[in-house]
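Reproduced below: input35.txt, with compact mmCIF, C-alpha atoms and all ligand atoms.
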# COMPACT_ATOMS: atom_id res chain seq x y z
CA MET A 233 -16.28 -35.90 47.09
CA ALA A 234 -13.71 -33.27 46.21
CA ALA A 235 -11.95 -33.76 49.56
CA THR A 236 -10.94 -37.33 48.69
CA THR A 237 -8.97 -36.15 45.66
CA GLN A 238 -7.08 -33.54 47.60
CA CYS A 239 -3.49 -34.12 48.68
CA ALA A 240 -3.52 -35.40 52.26
CA ILE A 241 -0.46 -33.32 53.11
CA CYS A 242 -1.01 -29.83 51.68
CA GLN A 243 -4.80 -30.13 51.38
CA LYS A 244 -4.54 -27.92 48.33
CA LYS A 245 -3.35 -29.68 45.22
CA LYS A 246 -4.98 -32.67 43.62
CA SER A 247 -3.63 -35.96 44.86
CA ARG A 248 -1.77 -37.90 42.20
CA ARG A 249 -0.09 -40.78 43.95
CA ASP A 250 -0.76 -43.24 46.75
CA CYS A 251 1.81 -42.72 49.46
CA PRO A 252 2.59 -45.96 51.34
CA GLY A 253 4.39 -43.91 53.99
CA ILE A 254 1.29 -42.08 55.21
CA ARG A 255 -1.17 -44.51 53.61
CA ASN A 256 -3.01 -41.78 51.81
CA SER A 257 -2.98 -39.95 48.46
CA ILE A 258 -0.70 -37.00 48.00
CA CYS A 259 0.46 -34.63 45.26
CA ALA A 260 3.80 -34.93 43.49
CA PRO A 261 5.37 -31.75 44.96
CA CYS A 262 4.56 -32.90 48.52
CA CYS A 263 6.00 -36.32 47.72
CA GLY A 264 9.19 -34.63 46.55
CA ALA A 265 9.44 -32.25 49.48
CA GLU A 266 8.36 -34.51 52.33
CA ARG A 267 9.88 -37.80 51.18
CA GLU A 268 12.25 -39.02 53.92
CA VAL A 269 11.91 -35.61 55.57
CA THR A 270 8.60 -35.88 57.46
CA VAL A 271 7.45 -39.14 55.87
CA ASP A 272 8.97 -42.51 56.77
CA CYS A 273 9.12 -43.96 53.27
CA PRO A 274 9.10 -47.76 52.88
CA LEU A 275 12.25 -48.70 50.96
CA ASP A 276 10.19 -50.39 48.28
CA CYS A 277 7.94 -47.42 47.44
CA VAL A 278 8.04 -47.00 43.66
CA TYR A 279 8.27 -43.22 43.95
CA LEU A 280 11.14 -43.48 46.40
CA ARG A 281 12.92 -45.93 44.11
CA GLU A 282 12.48 -43.59 41.19
CA ALA A 283 13.72 -40.65 43.26
CA ARG A 284 16.83 -42.57 44.35
CA ARG A 285 17.98 -42.83 40.75
CA HIS A 286 17.93 -39.06 40.35
CA GLU A 287 19.33 -38.46 43.81
CA TRP A 288 22.58 -40.05 42.67
CA GLU A 289 22.92 -37.69 39.75
CA ARG A 290 22.19 -34.54 41.72
CA MET A 291 23.95 -35.20 44.98
CA PRO A 292 27.06 -33.10 45.49
CA PRO A 293 29.77 -35.03 47.33
CA PRO A 294 30.04 -34.24 51.05
CA GLN A 295 32.35 -31.32 51.75
CA GLU A 296 34.35 -33.29 54.24
CA LEU A 297 34.44 -36.97 55.03
CA PRO A 298 34.09 -37.94 58.69
CA PHE A 299 37.28 -38.32 60.74
CA PRO A 300 39.64 -36.89 58.10
CA GLU A 301 42.54 -37.27 60.54
CA ILE A 302 42.26 -41.07 60.44
CA GLU A 303 43.92 -42.74 57.50
CA VAL A 304 42.28 -45.77 55.92
CA SER A 305 44.53 -47.23 53.26
CA ASP A 306 43.60 -49.59 50.45
CA GLY A 307 45.86 -52.17 52.05
CA PHE A 308 43.89 -51.89 55.29
CA LEU A 309 40.61 -52.34 53.41
CA ALA A 310 41.88 -55.44 51.63
CA GLU A 311 43.11 -56.94 54.88
CA HIS A 312 40.00 -56.16 56.92
CA GLU A 313 37.31 -56.57 54.32
CA HIS A 314 35.72 -59.43 56.21
CA LEU A 315 35.32 -57.47 59.45
CA ILE A 316 34.05 -54.38 57.59
CA GLY A 317 31.57 -56.48 55.64
CA GLN A 318 30.30 -58.13 58.82
CA ILE A 319 29.73 -54.78 60.53
CA GLY A 320 27.93 -53.49 57.43
CA PHE A 321 25.75 -56.56 57.40
CA ARG A 322 24.84 -56.13 61.08
CA LEU A 323 24.01 -52.47 60.45
CA LEU A 324 21.71 -53.48 57.63
CA ARG A 325 19.96 -56.19 59.61
CA HIS A 326 19.45 -53.86 62.54
CA ALA A 327 18.09 -51.10 60.29
CA LEU A 328 15.67 -53.50 58.58
CA ASP A 329 14.50 -54.91 61.92
CA ASN A 330 14.07 -51.36 63.26
CA PRO A 331 12.66 -49.40 60.31
CA LYS A 332 12.75 -46.11 62.20
CA THR A 333 16.54 -46.23 62.03
CA THR A 334 17.74 -43.49 59.68
CA ASP A 335 21.12 -42.91 58.02
CA HIS A 336 21.57 -40.07 60.45
CA ASP A 337 21.09 -42.45 63.41
CA ILE A 338 23.69 -44.79 61.93
CA GLN A 339 26.16 -41.98 61.35
CA ALA A 340 25.68 -40.57 64.85
CA ALA A 341 26.05 -44.00 66.47
CA MET A 342 29.18 -44.80 64.45
CA GLY A 343 30.72 -41.50 65.53
CA LYS A 344 30.13 -42.39 69.17
CA LEU A 345 31.49 -45.90 68.67
CA ILE A 346 34.66 -44.49 67.16
CA ARG A 347 35.07 -42.17 70.15
CA THR A 348 34.44 -45.09 72.49
CA PHE A 349 37.10 -47.24 70.84
CA GLU A 350 39.51 -44.34 70.92
CA THR A 351 39.21 -44.17 74.70
CA LEU A 352 39.57 -47.95 74.82
CA SER A 353 42.81 -47.82 72.85
CA SER A 354 44.18 -45.32 75.37
CA GLY A 355 43.56 -47.84 78.13
CA ILE A 356 40.25 -46.77 79.65
CA TYR A 357 36.82 -47.86 78.63
CA TYR A 358 34.48 -44.95 78.52
CA GLU A 359 31.27 -45.46 76.58
CA SER A 360 30.23 -42.29 74.75
CA LEU A 361 26.61 -43.21 74.27
CA PRO A 362 24.48 -41.32 71.78
CA GLU A 363 21.46 -39.50 73.16
CA GLU A 364 18.62 -40.75 71.03
CA GLY A 365 16.97 -44.14 71.38
CA SER A 366 17.37 -45.32 67.81
CA GLN A 367 21.03 -44.26 67.84
CA ILE A 368 21.63 -46.13 71.07
CA GLY A 369 20.08 -49.18 69.40
CA VAL A 370 22.64 -49.01 66.57
CA PHE A 371 25.47 -48.38 69.03
CA ARG A 372 24.58 -51.40 71.18
CA GLU A 373 24.09 -53.68 68.19
CA VAL A 374 27.49 -52.92 66.65
CA LYS A 375 29.25 -53.00 70.02
CA LYS A 376 27.70 -56.39 70.77
CA PHE A 377 28.75 -57.66 67.37
CA LEU A 378 32.34 -56.48 67.87
CA ASP A 379 32.53 -58.22 71.26
CA GLU A 380 31.19 -61.43 69.70
CA TYR A 381 33.59 -61.12 66.81
CA GLN A 382 36.56 -60.98 69.18
CA GLU A 383 35.29 -64.10 70.96
CA GLN A 384 34.73 -65.95 67.69
CA GLU A 385 38.19 -65.11 66.45
CA LYS A 386 39.72 -66.23 69.73
CA LYS A 387 37.87 -69.56 69.57
CA ARG A 388 38.89 -69.98 65.97
CA GLY A 389 42.47 -69.60 67.14
CA ALA A 390 43.10 -66.57 64.94
CA LEU A 391 46.72 -65.51 65.10
CA ALA A 392 45.96 -61.81 65.34
CA LEU A 393 42.79 -60.46 66.89
CA PRO A 394 41.47 -57.16 65.56
CA LYS A 395 43.03 -54.35 67.56
CA GLU A 396 41.15 -51.22 68.63
CA GLU A 397 42.80 -49.24 65.87
CA ASP A 398 41.60 -51.79 63.29
CA VAL A 399 38.07 -51.52 64.65
CA ILE A 400 38.33 -47.72 64.56
CA ARG A 401 39.51 -47.71 60.95
CA SER A 402 36.76 -50.13 59.94
CA LEU A 403 34.13 -47.92 61.57
CA VAL A 404 35.63 -44.80 59.99
CA PHE A 405 35.47 -46.42 56.57
CA LEU A 406 31.80 -47.30 57.08
CA SER A 407 31.07 -43.78 58.34
CA ARG A 408 32.57 -42.38 55.17
CA LEU A 409 30.49 -44.72 53.05
CA ALA A 410 27.42 -43.54 54.96
CA ALA A 411 28.36 -39.88 54.42
CA VAL A 412 28.78 -40.43 50.70
CA HIS A 413 25.58 -42.44 50.26
CA SER A 414 23.30 -40.44 52.56
CA ASN A 415 20.83 -38.14 50.84
CA ARG A 416 20.94 -35.82 53.87
CA ARG A 417 17.20 -35.84 54.41
CA ALA A 418 16.08 -35.95 58.05
CA ARG A 419 14.56 -39.43 57.77
CA GLY A 420 16.74 -40.51 54.83
CA ARG A 421 17.72 -44.16 54.41
CA ALA A 422 19.71 -44.04 51.18
CA PHE A 423 22.72 -45.59 52.93
CA VAL A 424 20.53 -48.40 54.29
CA ASP A 425 19.38 -48.93 50.70
CA PHE A 426 23.01 -49.04 49.60
CA LEU A 427 23.75 -51.70 52.22
CA ARG A 428 20.73 -53.64 51.06
CA HIS A 429 22.13 -53.75 47.56
CA THR A 430 25.57 -54.65 48.85
CA PHE A 431 24.18 -57.51 50.94
CA PRO A 432 21.06 -58.93 49.31
CA GLU A 433 18.72 -59.70 52.21
CA THR A 434 18.86 -62.80 54.41
CA SER A 435 22.22 -63.94 53.07
CA ALA A 436 25.29 -63.39 55.19
CA PRO A 437 28.15 -61.58 53.50
CA LYS A 438 30.65 -63.90 51.89
CA GLU A 439 34.36 -63.46 52.21
CA GLU A 440 34.57 -62.16 48.68
CA SER A 441 31.81 -59.55 48.96
CA ARG A 442 33.43 -56.29 48.05
CA LEU A 443 32.69 -52.85 49.34
CA ILE A 444 33.61 -50.27 46.78
CA PHE A 445 34.94 -47.03 48.20
CA PRO A 446 33.41 -44.17 46.25
CA GLY A 447 36.16 -41.68 45.43
CA ARG A 448 38.56 -40.36 47.99
ZN ZN A 501 0.41 -31.76 48.40
Please lay out the structure from this file as structure tokens.
Ligand SMILES: [Zn+2]
Amino acid sequence: MAATTQCAICQKKKSRRDCPGIRNSICAPCCGAEREVTVDCPLDCVYLREARRHEWERMPPPQELPFPEIEVSDGFLAEHEHLIGQIGFRLLRHALDNPKTTDHDIQAAMGKLIRTFETLSSGIYYESLPEEGSQIGVFREVKKFLDEYQEQEKKRGALALPKEEDVIRSLVFLSRLAAVHSNRRARGRAFVDFLRHTFPETSAPKEESRLIFPGR
């Protein structure tokens, strides 16, 4: 009988909470230590939700934002909000459809996409693919979206199609958002959660949906 009340992770302490990630009971310290590190936590877990609130308070800002050499002005953001929002929405949908996708996967894939578009803007297309499967999934999804977006804009008769440098800046902005919102746990999905709040599920982003840039 005693075994059933023991934490399924450390096998030492008394279990205090039902963990939907491992579908077993665990103790509070293991929940705190293993959450989004070794455990894939469902985004709706009450303990994860509670932890998120404190994460915000404790999280020191990242030491350096990704691609510091690339300038993203407020004017650029205002002008390209629609494109940025659409990419963010696709990232979210992909992450929800593929729950193993972590913030780290998204950040790694975005980095490779930025490098890919940099080569494109210098006249050659060289795909710098990420190495891991879930990162490749993100990479392909966003790349596919960007190709479709160009086609859509062309059909719509848009006067100016997004240039490579616009795509690069949009991706850099999203990478910075991810860096700021990530909780830096190995399987962390705090940025995915942020996107979920930015784009309430199933509804496409509207023109006026605003992404707030947290401190620069
Ligand atoms: Zn434990």
Distance atom CA of Asn256 of chain A-atom CA of Asp329 of chain A, one decimal place?
->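 Pair atom CA of Asn256 of chain A / atom CA of Asp329 of chain A returns 24.1 Å.
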Could you give me the residues within 10 Å of ligand ZN 501 (chain A), counting only C-alpha atoms and all ligand atoms, as a list in words?
->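 So, counting only C-alpha atoms and all ligand atoms, the residues near ligand ZN 501 (chain A) are Gln238, Cys239, Ala240, Ile241, Cys242, Gln243, Lys244, Lys245, Lys246, Ser247, Arg248, Ser257, Ile258, Cys259, Ala260, Pro261, Cys262, Cys263, Gly264, Ala265 and Glu266 of chain A.
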For Leu324 of chain A, find every residue with an atom within 12 Å (counting all atoms listed in the file), except residues of its own chain fewer than 6 positions away, and show them as a CSV table (one decimal) with C-alpha atoms, in the coordinates of the input.
chain,number,residue,atom,x,y,z
A,317,GLY,CA,31.6,-56.5,55.6
A,318,GLN,CA,30.3,-58.1,58.8
A,330,ASN,CA,14.1,-51.4,63.3
A,331,PRO,CA,12.7,-49.4,60.3
A,333,THR,CA,16.5,-46.2,62.0
A,334,THR,CA,17.7,-43.5,59.7
A,335,ASP,CA,21.1,-42.9,58.0
A,338,ILE,CA,23.7,-44.8,61.9
A,370,VAL,CA,22.6,-49.0,66.6
A,373,GLU,CA,24.1,-53.7,68.2
A,374,VAL,CA,27.5,-52.9,66.6
A,406,LEU,CA,31.8,-47.3,57.1
A,410,ALA,CA,27.4,-43.5,55.0
A,421,ARG,CA,17.7,-44.2,54.4
A,422,ALA,CA,19.7,-44.0,51.2
A,423,PHE,CA,22.7,-45.6,52.9
A,424,VAL,CA,20.5,-48.4,54.3
A,425,ASP,CA,19.4,-48.9,50.7
A,426,PHE,CA,23.0,-49.0,49.6
A,427,LEU,CA,23.8,-51.7,52.2
A,428,ARG,CA,20.7,-53.6,51.1
A,429,HIS,CA,22.1,-53.8,47.6
A,430,THR,CA,25.6,-54.6,48.8
A,431,PHE,CA,24.2,-57.5,50.9
A,432,PRO,CA,21.1,-58.9,49.3
A,433,GLU,CA,18.7,-59.7,52.2
A,434,THR,CA,18.9,-62.8,54.4
A,435,SER,CA,22.2,-63.9,53.1
A,436,ALA,CA,25.3,-63.4,55.2
A,437,PRO,CA,28.2,-61.6,53.5
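Here atom CA of Ser414 of chain A stands at a distance of 10.9 Å from atom CA of Pro292 of chain A.
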Between atom CA of Glu385 of chain A and atom CA of His314 of chain A, what is the distance, to one decimal in Å?
->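 Answer for the atom CA of Glu385 of chain A to atom CA of His314 of chain A separation: 12.0 Å.
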